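Engineer: So I've got this file, work.txt, and it contains compact mmCIF, C-alpha atoms:
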```
# COMPACT_ATOMS: atom_id res chain seq x y z
CA MET A 289 116.99 61.79 131.45
CA ALA A 290 113.54 61.52 133.07
CA SER A 291 110.58 61.83 130.72
CA ILE A 292 107.98 64.58 131.14
CA HIS A 293 104.29 64.09 130.34
CA SER A 294 100.99 65.94 130.85
CA VAL A 295 97.38 65.13 131.69
CA LYS A 296 94.85 67.72 130.56
CA ARG A 297 91.91 69.19 132.47
CA ALA A 298 89.32 67.18 130.52
CA GLN A 299 91.05 63.82 131.10
CA THR A 300 89.10 62.87 134.22
CA HIS A 301 87.03 60.09 135.74
CA LEU A 302 84.46 59.97 138.53
CA ALA A 303 85.21 56.63 140.20
CA TRP A 304 88.18 54.49 141.23
CA ASP A 305 87.83 51.56 138.83
CA ASN A 306 90.60 49.29 137.59
CA SER A 307 88.80 48.82 134.25
CA ILE A 308 89.15 52.50 133.24
CA PRO A 309 91.73 52.71 130.42
CA PRO A 310 94.78 54.88 131.14
CA VAL A 311 95.08 58.27 129.45
CA ILE A 312 98.86 57.90 129.25
CA THR A 313 101.52 55.23 129.87
CA VAL A 314 104.83 56.32 131.40
CA PRO A 315 108.04 54.68 132.61
CA SER A 316 108.96 54.57 136.27
CA GLY A 317 110.61 57.86 137.22
CA ALA A 318 108.55 59.98 134.83
CA THR A 319 107.32 63.46 135.71
CA ILE A 320 103.70 64.26 134.91
CA SER A 321 101.97 67.64 135.00
CA PHE A 322 98.22 67.77 135.69
CA THR A 323 95.71 70.56 135.11
CA CYS A 324 92.76 70.02 137.45
CA LEU A 325 89.41 71.72 137.98
CA ASP A 326 88.15 72.25 141.52
CA ALA A 327 86.18 69.55 143.34
CA SER A 328 82.87 70.92 142.02
CA ASN A 329 84.03 69.96 138.51
CA GLY A 330 83.57 73.57 137.42
CA GLN A 331 80.02 73.90 138.78
CA ILE A 332 81.13 76.62 141.23
CA THR A 333 82.73 79.76 139.81
CA PRO A 334 83.99 83.07 141.28
CA SER A 335 80.50 84.53 140.77
CA SER A 336 78.62 81.70 142.53
CA THR A 337 76.43 82.25 145.61
CA SER A 338 75.04 80.02 148.33
CA ALA A 339 72.10 79.26 146.05
CA THR A 340 74.52 77.52 143.66
CA LEU A 341 75.05 74.77 146.22
CA LYS A 342 71.39 73.76 145.89
CA THR A 343 71.85 73.08 142.18
CA LEU A 344 75.04 71.00 142.38
CA ILE A 345 74.98 67.72 140.48
CA PHE A 346 76.53 65.49 143.15
CA SER A 347 77.36 62.68 140.73
CA GLN A 348 79.82 65.09 139.04
CA LEU A 349 81.76 66.07 142.19
CA ASP A 350 85.31 65.06 143.12
CA GLN A 351 86.54 64.06 139.67
CA VAL A 352 90.19 63.00 139.39
CA ASN A 353 92.61 63.36 136.48
CA GLY A 354 94.09 60.22 134.98
CA PRO A 355 94.56 57.35 135.24
CA VAL A 356 98.28 57.05 134.52
CA PHE A 357 99.71 53.58 133.80
CA ILE A 358 103.26 53.22 135.16
CA GLU A 359 105.37 50.62 133.41
CA SER A 360 106.84 47.91 135.68
CA ALA A 361 104.31 48.57 138.50
CA GLN A 362 102.87 45.28 139.76
CA PRO A 363 100.66 44.24 142.70
CA GLY A 364 102.76 44.21 145.88
CA ASP A 365 104.94 47.13 144.74
CA THR A 366 104.83 50.65 146.16
CA LEU A 367 104.27 53.74 144.04
CA GLN A 368 106.38 56.68 145.18
CA VAL A 369 104.70 60.00 144.35
CA GLU A 370 107.04 62.97 144.69
CA VAL A 371 105.00 66.18 144.75
CA LEU A 372 107.18 68.60 142.79
CA SER A 373 104.84 71.59 142.53
CA VAL A 374 101.26 72.62 143.23
CA GLN A 375 99.83 76.00 142.22
CA ALA A 376 96.38 77.21 143.24
CA ALA A 377 94.18 79.42 141.06
CA GLU A 378 93.56 83.07 141.97
CA TRP A 379 90.26 82.11 143.56
CA GLY A 380 88.73 79.35 145.64
CA TRP A 381 85.63 78.46 147.60
CA THR A 382 84.54 76.93 150.89
CA GLY A 383 81.05 75.53 151.22
CA LEU A 384 78.72 74.14 153.84
CA ILE A 385 76.81 71.53 151.87
CA PRO A 386 73.79 69.96 153.58
CA GLY A 387 74.45 66.34 154.46
CA PHE A 388 78.25 66.68 154.33
CA GLY A 389 80.76 67.23 157.14
CA LEU A 390 81.36 66.28 160.73
CA LEU A 391 78.58 68.55 162.05
CA ALA A 392 76.13 68.09 159.20
CA ASP A 393 73.26 67.65 161.66
CA GLU A 394 73.94 71.12 163.13
CA PHE A 395 74.56 73.00 159.86
CA THR A 396 71.62 72.13 157.65
CA GLU A 397 71.53 75.18 155.36
CA PRO A 398 73.94 75.74 152.46
CA ALA A 399 76.56 78.47 152.72
CA LEU A 400 79.33 79.46 150.33
CA LYS A 401 82.41 81.65 150.71
CA VAL A 402 84.36 82.63 147.57
CA TRP A 403 87.98 83.56 148.27
CA LYS A 404 90.47 85.77 146.43
CA ILE A 405 93.89 84.14 146.62
CA ASN A 406 97.09 86.18 146.63
CA ARG A 407 99.44 83.61 145.11
CA GLU A 408 102.46 85.90 145.05
CA GLU A 409 102.34 86.63 148.78
CA GLY A 410 100.84 83.28 149.76
CA TYR A 411 97.64 84.12 151.61
CA ALA A 412 93.89 84.62 151.36
CA TRP A 413 91.87 86.97 153.53
CA PHE A 414 89.14 85.28 155.53
CA ASP A 415 88.03 88.68 156.80
CA GLU A 416 90.28 91.65 156.04
CA GLU A 417 88.29 93.99 158.24
CA LYS A 418 88.74 91.70 161.23
CA GLY A 419 92.34 90.96 160.33
CA VAL A 420 91.90 87.22 159.67
CA LYS A 421 94.34 86.01 157.00
CA ILE A 422 94.89 82.40 155.97
CA PRO A 423 98.33 81.25 154.72
CA ILE A 424 98.17 79.29 151.48
CA ARG A 425 99.84 75.86 151.22
CA PRO A 426 98.29 74.24 148.11
CA PHE A 427 97.95 70.48 147.75
CA ALA A 428 95.85 67.85 146.00
CA GLY A 429 93.17 66.35 148.22
CA GLU A 430 92.90 63.29 145.96
CA MET A 431 95.87 61.11 145.04
CA GLY A 432 95.49 57.41 144.63
CA VAL A 433 95.77 54.23 142.60
CA ALA A 434 93.13 51.79 141.38
CA PRO A 435 91.75 49.23 143.87
CA GLU A 436 92.15 45.49 143.42
CA GLU A 437 88.39 44.95 143.67
CA GLY A 438 86.48 45.33 140.41
CA GLY A 439 83.72 47.84 139.77
CA ALA A 440 83.30 51.55 140.42
CA HIS A 441 84.29 52.91 143.84
CA SER A 442 83.23 56.45 144.76
CA THR A 443 85.88 59.18 144.77
CA ILE A 444 84.26 60.77 147.85
CA PRO A 445 85.85 58.63 150.64
CA PRO A 446 89.51 57.72 151.19
CA TYR A 447 90.74 54.14 150.78
CA ARG A 448 93.78 52.08 151.69
CA THR A 449 94.97 52.78 148.12
CA GLY A 450 94.66 56.55 148.63
CA GLY A 451 91.91 58.58 147.01
CA ASN A 452 90.31 61.45 148.90
CA ILE A 453 92.80 61.48 151.77
CA ASP A 454 92.56 65.30 152.12
CA THR A 455 95.86 65.49 154.02
CA LYS A 456 97.27 69.03 154.19
CA HIS A 457 100.88 67.87 154.57
CA LEU A 458 101.08 66.64 150.95
CA THR A 459 102.34 69.99 149.65
CA ALA A 460 105.18 70.55 147.19
CA GLY A 461 108.29 68.83 148.52
CA SER A 462 106.42 65.96 150.15
CA THR A 463 106.46 62.33 149.01
CA LEU A 464 103.48 59.97 149.10
CA TYR A 465 103.79 56.16 149.05
CA LEU A 466 100.84 54.10 147.79
CA PRO A 467 100.37 50.29 147.76
CA VAL A 468 100.01 49.02 144.19
CA LYS A 469 97.10 46.61 143.71
CA VAL A 470 96.83 46.27 139.91
CA PRO A 471 99.33 46.19 137.03
CA GLY A 472 100.39 49.71 136.11
CA ALA A 473 99.06 51.12 139.42
CA LEU A 474 96.68 53.49 137.52
CA PHE A 475 97.46 56.72 139.39
CA SER A 476 95.07 59.70 139.44
CA ILE A 477 95.02 63.10 141.17
CA GLY A 478 92.60 65.98 141.77
CA ASP A 479 90.56 67.97 144.32
CA GLY A 480 92.84 70.97 144.65
CA HIS A 481 93.02 72.74 148.01
CA ALA A 482 94.65 76.11 148.65
CA ALA A 483 94.63 75.64 152.43
CA GLN A 484 93.11 73.24 154.96
CA GLY A 485 93.12 72.43 158.65
CA ASP A 486 93.75 68.85 159.80
CA GLY A 487 90.31 67.34 159.42
CA GLY A 488 89.14 68.05 155.94
CA THR A 489 87.38 71.37 155.22
CA ALA A 490 89.36 73.40 152.68
CA ILE A 491 89.61 76.33 150.34
CA GLU A 492 88.70 74.37 147.20
CA THR A 493 90.50 75.60 144.08
CA PRO A 494 91.60 74.55 140.61
CA ILE A 495 95.26 73.53 140.59
CA THR A 496 98.17 72.73 138.32
CA ALA A 497 100.41 70.07 139.82
CA SER A 498 103.52 68.13 138.85
CA VAL A 499 104.52 64.79 140.37
CA ARG A 500 107.25 62.24 139.73
CA LEU A 501 106.06 58.61 139.82
CA THR A 502 108.57 55.89 140.72
CA VAL A 503 107.95 52.18 141.30
CA LEU A 504 109.58 50.77 144.45
CA LYS A 505 110.05 47.02 144.87
CA ASN A 506 111.38 46.93 148.45
CA LYS A 507 108.61 48.34 150.69
CA PRO A 508 106.10 45.50 151.25
CA TYR A 509 105.07 47.03 154.58
CA VAL A 510 103.32 49.94 152.81
CA LYS A 511 99.72 48.77 153.01
CA THR A 512 98.04 52.20 153.30
CA PRO A 513 99.20 55.68 152.23
CA HIS A 514 102.50 56.66 153.91
CA PHE A 515 104.21 59.98 153.34
CA ASP A 516 107.28 62.11 154.00
CA THR A 517 106.48 65.75 154.71
CA ALA A 518 108.26 68.73 153.26
CA SER A 519 109.93 71.16 155.66
CA ALA A 520 107.02 72.94 157.31
CA PRO A 521 107.51 74.97 160.51
CA SER A 522 103.74 75.31 160.92
CA VAL A 523 103.48 71.57 161.55
CA SER A 524 106.05 71.40 164.33
CA HIS A 525 107.62 73.41 167.12
CA VAL A 526 111.00 72.59 165.56
CA PRO A 527 111.86 75.02 162.73
CA GLY A 528 111.99 73.10 159.47
CA GLU A 529 110.80 69.87 161.08
CA GLU A 530 110.06 66.94 158.80
CA TYR A 531 107.98 63.85 159.56
CA TYR A 532 107.52 60.31 158.36
CA THR A 533 103.86 59.40 158.60
CA THR A 534 101.87 56.19 158.40
CA THR A 535 98.09 56.06 158.13
CA GLY A 536 95.13 53.93 159.12
CA VAL A 537 92.10 54.09 156.84
CA GLY A 538 88.70 52.66 157.68
CA PRO A 539 85.19 53.23 159.06
CA ASP A 540 86.13 52.49 162.69
CA MET A 541 88.21 55.35 164.09
CA ARG A 542 89.75 53.26 166.86
CA GLU A 543 90.79 50.51 164.46
CA ALA A 544 92.14 53.05 161.97
CA THR A 545 94.21 54.56 164.80
CA ARG A 546 95.51 51.13 165.78
CA ASP A 547 96.47 50.50 162.14
CA ALA A 548 98.40 53.79 161.93
CA VAL A 549 100.48 52.72 164.95
CA ARG A 550 100.91 49.16 163.65
CA PHE A 551 102.21 50.43 160.31
CA MET A 552 104.64 52.83 162.00
CA ILE A 553 105.99 49.87 163.96
CA ASP A 554 106.42 47.98 160.66
CA TYR A 555 108.28 50.97 159.19
CA LEU A 556 110.64 51.27 162.16
CA VAL A 557 111.36 47.54 162.14
CA ASN A 558 112.07 47.50 158.39
CA GLU A 559 113.86 50.84 157.96
CA ARG A 560 115.43 51.55 161.36
CA GLY A 561 116.33 48.03 162.53
CA MET A 562 114.32 48.16 165.76
CA THR A 563 112.59 45.34 167.55
CA ARG A 564 108.80 45.60 167.60
CA GLU A 565 108.94 46.36 171.32
CA GLU A 566 111.43 49.21 170.81
CA ALA A 567 109.37 50.58 167.93
CA TYR A 568 106.19 50.51 170.01
CA MET A 569 107.84 52.38 172.87
CA LEU A 570 109.23 54.98 170.47
CA CYS A 571 105.76 55.54 169.01
CA SER A 572 104.48 56.03 172.56
CA VAL A 573 107.00 58.71 173.54
CA ALA A 574 107.68 60.53 170.25
CA GLY A 575 104.86 59.96 167.75
CA ASP A 576 101.87 62.20 167.16
CA LEU A 577 98.49 60.72 166.24
CA ARG A 578 96.41 63.04 164.10
CA LEU A 579 92.99 63.05 162.50
CA HIS A 580 93.88 63.79 158.88
CA GLU A 581 90.44 63.26 157.34
CA VAL A 582 87.01 62.98 159.00
CA VAL A 583 84.73 64.51 156.34
CA ASP A 584 84.36 61.96 153.55
CA MET A 585 82.40 59.06 155.01
CA PRO A 586 82.40 56.14 155.50
CA ASN A 587 86.16 56.08 156.10
CA TYR A 588 88.51 58.06 158.36
CA VAL A 589 92.23 58.76 157.79
CA ILE A 590 94.30 58.68 160.99
CA GLY A 591 98.01 59.49 160.88
CA MET A 592 100.90 58.53 163.13
CA MET A 593 103.50 61.30 162.61
CA LEU A 594 107.07 60.72 163.75
CA PRO A 595 109.47 63.70 163.65
CA LYS A 596 112.66 62.98 161.73
CA SER A 597 114.68 65.19 164.09
CA ILE A 598 114.70 62.41 166.68
CA PHE A 599 117.03 60.43 164.42
CA VAL A 600 120.48 61.93 164.97
CA PRO A 601 122.99 61.27 162.12
CA LYS A 602 125.82 58.95 163.07
CA SER A 603 129.14 60.72 163.47
```
Starting from the file, lay out its structure as structure tokens.
Structural biologist:
Amino acid sequence: MASIHSVKRAQTHLAWDNSIPPVITVPSGATISFTCLDASNGQITPSSTSATLKTLIFSQLDQVNGPVFIESAQPGDTLQVEVLSVQAAEWGWTGLIPGFGLLADEFTEPALKVWKINREEGYAWFDEEKGVKIPIRPFAGEMGVAPEEGGAHSTIPPYRTGGNIDTKHLTAGSTLYLPVKVPGALFSIGDGHAAQGDGGTAIETPITASVRLTVLKNKPYVKTPHFDTASAPSVSHVPGEEYYTTTGVGPDMREATRDAVRFMIDYLVNERGMTREEAYMLCSVAGDLRLHEVVDMPNYVIGMMLPKSIFVPKS
């Protein structure tokens, strides 16, 4: 029977650092529940205003809960993260913070919107009078493992080991794959989002989340975050479509895009028995390249999304 564990709201850290001691140690296959504050680390509340953004302590932002040491995880392995559940709070916020975002040079003044979230019906009104309603699909913007390099690495940008990947497809029912770089992997999670467009600006919210962590020994081609999506009609024109996705992560968007395609080729060669030429052609005709994360500099997250419906079961 799989073991069940919990990480509390106060068990957080503010950098990816392989010297941070784990808060719990679990066997491969364990389920862990996490209680996470929002990305402001509790500095923004339902009663906050735009003026609150001017008083934020930036060194306290984007905390993550953990780390979790997974027994048997070794460098070269892959950590499979099955997202079992994610629940948003009954409120959230969206902010324009000076100096942050893709158009930071055009939006120089702080602005804050506090949302009421209808969890039962799965939406939040952007503007009820104008009839603008946002569907809620909660997920954790931060999921990652400790880097191989020593020292403290900011939780603001994404990395090849995960981190602030802010990818809206990692909802309940999805599975994330992360390359393990240190013994025990040292997994952490945080930065709850109630909803987000591809690109990175979200309804920030506290979350409770449960994941199952399993060590895989047979996926050496996973060198950046890969993931399986849950069934999500909003992602595809095919009802219930599911995708397998590879990512490129880095400061050069073109090179990150090239990496996303390269890693999809590696996946198809290893898992689908294709030649590299066949895999490359399939990427060209059936894969979708997407900007998953362009907010948290210096790195971008580019995804190559391949619909699973193209693979017809053998009769």
Engineer: Counting all atoms listed in the file, which of A:Ala412, A:Leu464, A:Val402, A:Leu302 gets nearest to Leu501 of chain A?
Structural biologist: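 Using all atoms listed in the file, Leu501 of chain A sits closest to A:Leu464.
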Engineer: Just to confirm, what's the straight-line distance from atom CA of Glu416 of chain A to atom CA of Ala482 of chain A in Å (one decimal)?
Structural biologist: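 If I compute the distance from atom CA of Glu416 of chain A to atom CA of Ala482 of chain A, I get 17.8 Å.
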Engineer: Taking into account all atoms listed in the file, which residue in the set A:His293, A:Lys596, A:Arg578, A:His441 is nearest to Ala318 of chain A?
Structural biologist: A:His293
Engineer: Compare A:Val557, A:Met541, A:Ala483, A:Ala327 by their minimum atom-to-atom distance to Trp403 of chain A, counting all atoms listed in the file, and give me the closest one.
Structural biologist: A:Ala483
Engineer: Per residue of segment 477-584 of chain A within 9 Å of segment 346-368 of chain A, which atom pair is closest and at what distance in Å (one decimal), using only C-alpha atoms, listed by chain and increasing number, as a Markdown table?
Structural biologist:
```
| residue | atom | partner | partner_atom | distance |
| --- | --- | --- | --- | --- |
| A:Ile477 | CA | A:Val352 | CA | 5.1 |
| A:Gly478 | CA | A:Val352 | CA | 4.5 |
| A:Asp479 | CA | A:Asp350 | CA | 6.1 |
| A:Arg500 | CA | A:Gln368 | CA | 7.8 |
| A:Leu501 | CA | A:Gln368 | CA | 5.7 |
| A:Thr502 | CA | A:Gln368 | CA | 5.0 |
| A:Val503 | CA | A:Leu367 | CA | 4.8 |
| A:Leu504 | CA | A:Thr366 | CA | 5.0 |
| A:Lys505 | CA | A:Asp365 | CA | 5.1 |
| A:Asn506 | CA | A:Asp365 | CA | 7.4 |
| A:Lys507 | CA | A:Thr366 | CA | 6.3 |
| A:Pro508 | CA | A:Gly364 | CA | 6.5 |
| A:Val510 | CA | A:Thr366 | CA | 6.9 |
| A:Lys511 | CA | A:Thr366 | CA | 8.8 |
```
Engineer: Could you work out how far atom CA of Thr533 of chain A lies from atom CA of Thr563 of chain A, giving the answer in Å with one decimal?
Structural biologist: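 Going from atom CA of Thr563 of chain A over to atom CA of Thr533 of chain A covers 18.8 Å.
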Engineer: Show me, as a list of chain:residue names, the residues that have an atom within 7 Å of Thr382 of chain A when counting only C-alpha atoms, minus same-chain residues fewer than 4 positions from it.
Structural biologist: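 These residues fall inside the cut-off: A:Leu400, A:Lys401, A:Val402, A:Ala490, A:Ile491, A:Glu492.
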Engineer: List the neighbours of segment 443-448 of chain A out to 6 Å using all atoms listed in the file; skip same-chain residues closer than 3 positions along the sequence, and give me the result as a list in words.
Structural biologist: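 In the requested form, the answer reads Ala303, Gly451, Asn452, Ile453, Thr512, Val537, Asp584 and Met585 of chain A.
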Engineer: Emit the selected residues as a CSV table (one decimal), keeping the file's coordinate frame, including C-alpha atoms.
Structural biologist:
```csv
chain,number,residue,atom,x,y,z
A,303,ALA,CA,85.2,56.6,140.2
A,451,GLY,CA,91.9,58.6,147.0
A,452,ASN,CA,90.3,61.4,148.9
A,453,ILE,CA,92.8,61.5,151.8
A,512,THR,CA,98.0,52.2,153.3
A,537,VAL,CA,92.1,54.1,156.8
A,584,ASP,CA,84.4,62.0,153.6
A,585,MET,CA,82.4,59.1,155.0
```
Engineer: Name the closest residue to Asn306 of chain A among the candidates A:Glu408, A:Asp393, A:Asp415, A:Glu437; distances are taken between atoms, counting all atoms listed in the file.
Structural biologist: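 Counting all atoms listed in the file, the residue closest to Asn306 of chain A is A:Glu437.
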Engineer: Using atom CA of Gly330 of chain A and atom CA of Thr493 of chain A as the two end points, give the distance in Å to one decimal.
Structural biologist: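 Taking atom CA of Gly330 of chain A and atom CA of Thr493 of chain A, their separation equals 9.8 Å.
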Engineer: Could you check which of A:Ala339, A:Phe551, A:Val589, A:Leu594 is closest to Cys571 of chain A, using only C-alpha atoms?
Structural biologist: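 For Cys571 of chain A, the nearest of the candidates is A:Leu594.
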Engineer: List every protein, DNA or RNA residue that has at least one atom no more than 6 Å from (98.1, 70.7, 139.5) in the file's coordinates, counting all atoms listed in the file, and write the result as a PyMOL selection string.
Structural biologist: chain A and resi 322-324+374+495-497
Engineer: Taking all atoms listed in the file into account, which of A:Leu466, A:Ala377, A:Val583, A:Met562 comes nearest Val433 of chain A?
Structural biologist: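 Residue with the minimum atom-to-atom distance to Val433 of chain A: A:Leu466.
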Engineer: Starting from the sparse input, extend segment 343-353 of chain A to all heavy atoms and give the output as a compact mmCIF listing (two decimals), keeping the file's coordinate frame.
Structural biologist:
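The result, stored in result_6.txt:
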```txt
# COMPACT_ATOMS: atom_id res chain seq x y z
N THR A 343 71.99 73.59 143.54
CA THR A 343 71.85 73.08 142.18
C THR A 343 72.99 72.15 141.78
O THR A 343 73.06 71.71 140.63
CB THR A 343 71.78 74.25 141.18
OG1 THR A 343 73.05 74.94 141.16
CG2 THR A 343 70.68 75.22 141.55
N LEU A 344 73.91 71.87 142.71
CA LEU A 344 75.04 71.00 142.38
C LEU A 344 74.57 69.62 141.94
O LEU A 344 73.66 69.03 142.54
CB LEU A 344 75.96 70.85 143.59
CG LEU A 344 76.80 72.05 144.01
CD1 LEU A 344 77.61 71.71 145.25
CD2 LEU A 344 77.72 72.50 142.88
N ILE A 345 75.20 69.10 140.91
CA ILE A 345 74.98 67.72 140.48
C ILE A 345 76.02 66.87 141.21
O ILE A 345 77.20 66.87 140.86
CB ILE A 345 75.12 67.58 138.96
CG1 ILE A 345 74.14 68.51 138.26
CG2 ILE A 345 74.89 66.13 138.52
CD1 ILE A 345 74.35 68.60 136.75
N PHE A 346 75.59 66.16 142.26
CA PHE A 346 76.53 65.49 143.15
C PHE A 346 77.29 64.36 142.46
O PHE A 346 78.41 64.04 142.84
CB PHE A 346 75.81 64.99 144.40
CG PHE A 346 75.48 66.09 145.38
CD1 PHE A 346 74.30 66.80 145.27
CD2 PHE A 346 76.38 66.44 146.37
CE1 PHE A 346 74.00 67.83 146.16
CE2 PHE A 346 76.10 67.47 147.25
CZ PHE A 346 74.91 68.16 147.14
N SER A 347 76.69 63.77 141.44
CA SER A 347 77.36 62.68 140.73
C SER A 347 78.57 63.18 139.94
O SER A 347 79.38 62.38 139.47
CB SER A 347 76.38 61.98 139.79
OG SER A 347 75.90 62.88 138.79
N GLN A 348 78.71 64.51 139.79
CA GLN A 348 79.82 65.09 139.04
C GLN A 348 80.92 65.65 139.94
O GLN A 348 81.90 66.20 139.44
CB GLN A 348 79.30 66.21 138.13
CG GLN A 348 78.30 65.75 137.09
CD GLN A 348 78.91 64.74 136.12
OE1 GLN A 348 79.96 65.00 135.53
NE2 GLN A 348 78.26 63.61 135.96
N LEU A 349 80.78 65.51 141.26
CA LEU A 349 81.76 66.07 142.19
C LEU A 349 82.98 65.16 142.33
O LEU A 349 82.91 63.95 142.12
CB LEU A 349 81.13 66.28 143.57
CG LEU A 349 79.92 67.21 143.67
CD1 LEU A 349 79.45 67.29 145.11
CD2 LEU A 349 80.26 68.59 143.13
N ASP A 350 84.08 65.77 142.76
CA ASP A 350 85.31 65.06 143.12
C ASP A 350 85.85 64.19 141.99
O ASP A 350 86.23 63.04 142.19
CB ASP A 350 85.11 64.24 144.40
CG ASP A 350 85.43 65.04 145.65
OD1 ASP A 350 85.90 66.18 145.51
OD2 ASP A 350 85.22 64.52 146.75
N GLN A 351 85.89 64.75 140.78
CA GLN A 351 86.54 64.06 139.67
C GLN A 351 88.04 64.04 139.90
O GLN A 351 88.59 64.89 140.62
CB GLN A 351 86.20 64.77 138.35
CG GLN A 351 87.01 66.04 138.08
CD GLN A 351 86.67 67.21 138.99
OE1 GLN A 351 85.67 67.19 139.71
NE2 GLN A 351 87.52 68.24 138.97
N VAL A 352 88.72 63.07 139.31
CA VAL A 352 90.19 63.00 139.39
C VAL A 352 90.74 62.87 137.97
O VAL A 352 90.09 62.34 137.08
CB VAL A 352 90.67 61.81 140.26
CG1 VAL A 352 90.42 62.10 141.73
CG2 VAL A 352 90.00 60.50 139.86
N ASN A 353 91.96 63.38 137.79
CA ASN A 353 92.61 63.36 136.48
C ASN A 353 93.50 62.13 136.35
O ASN A 353 94.31 61.85 137.23
CB ASN A 353 93.44 64.63 136.29
CG ASN A 353 92.58 65.86 136.12
OD1 ASN A 353 91.86 66.25 137.04
ND2 ASN A 353 92.65 66.49 134.96
```
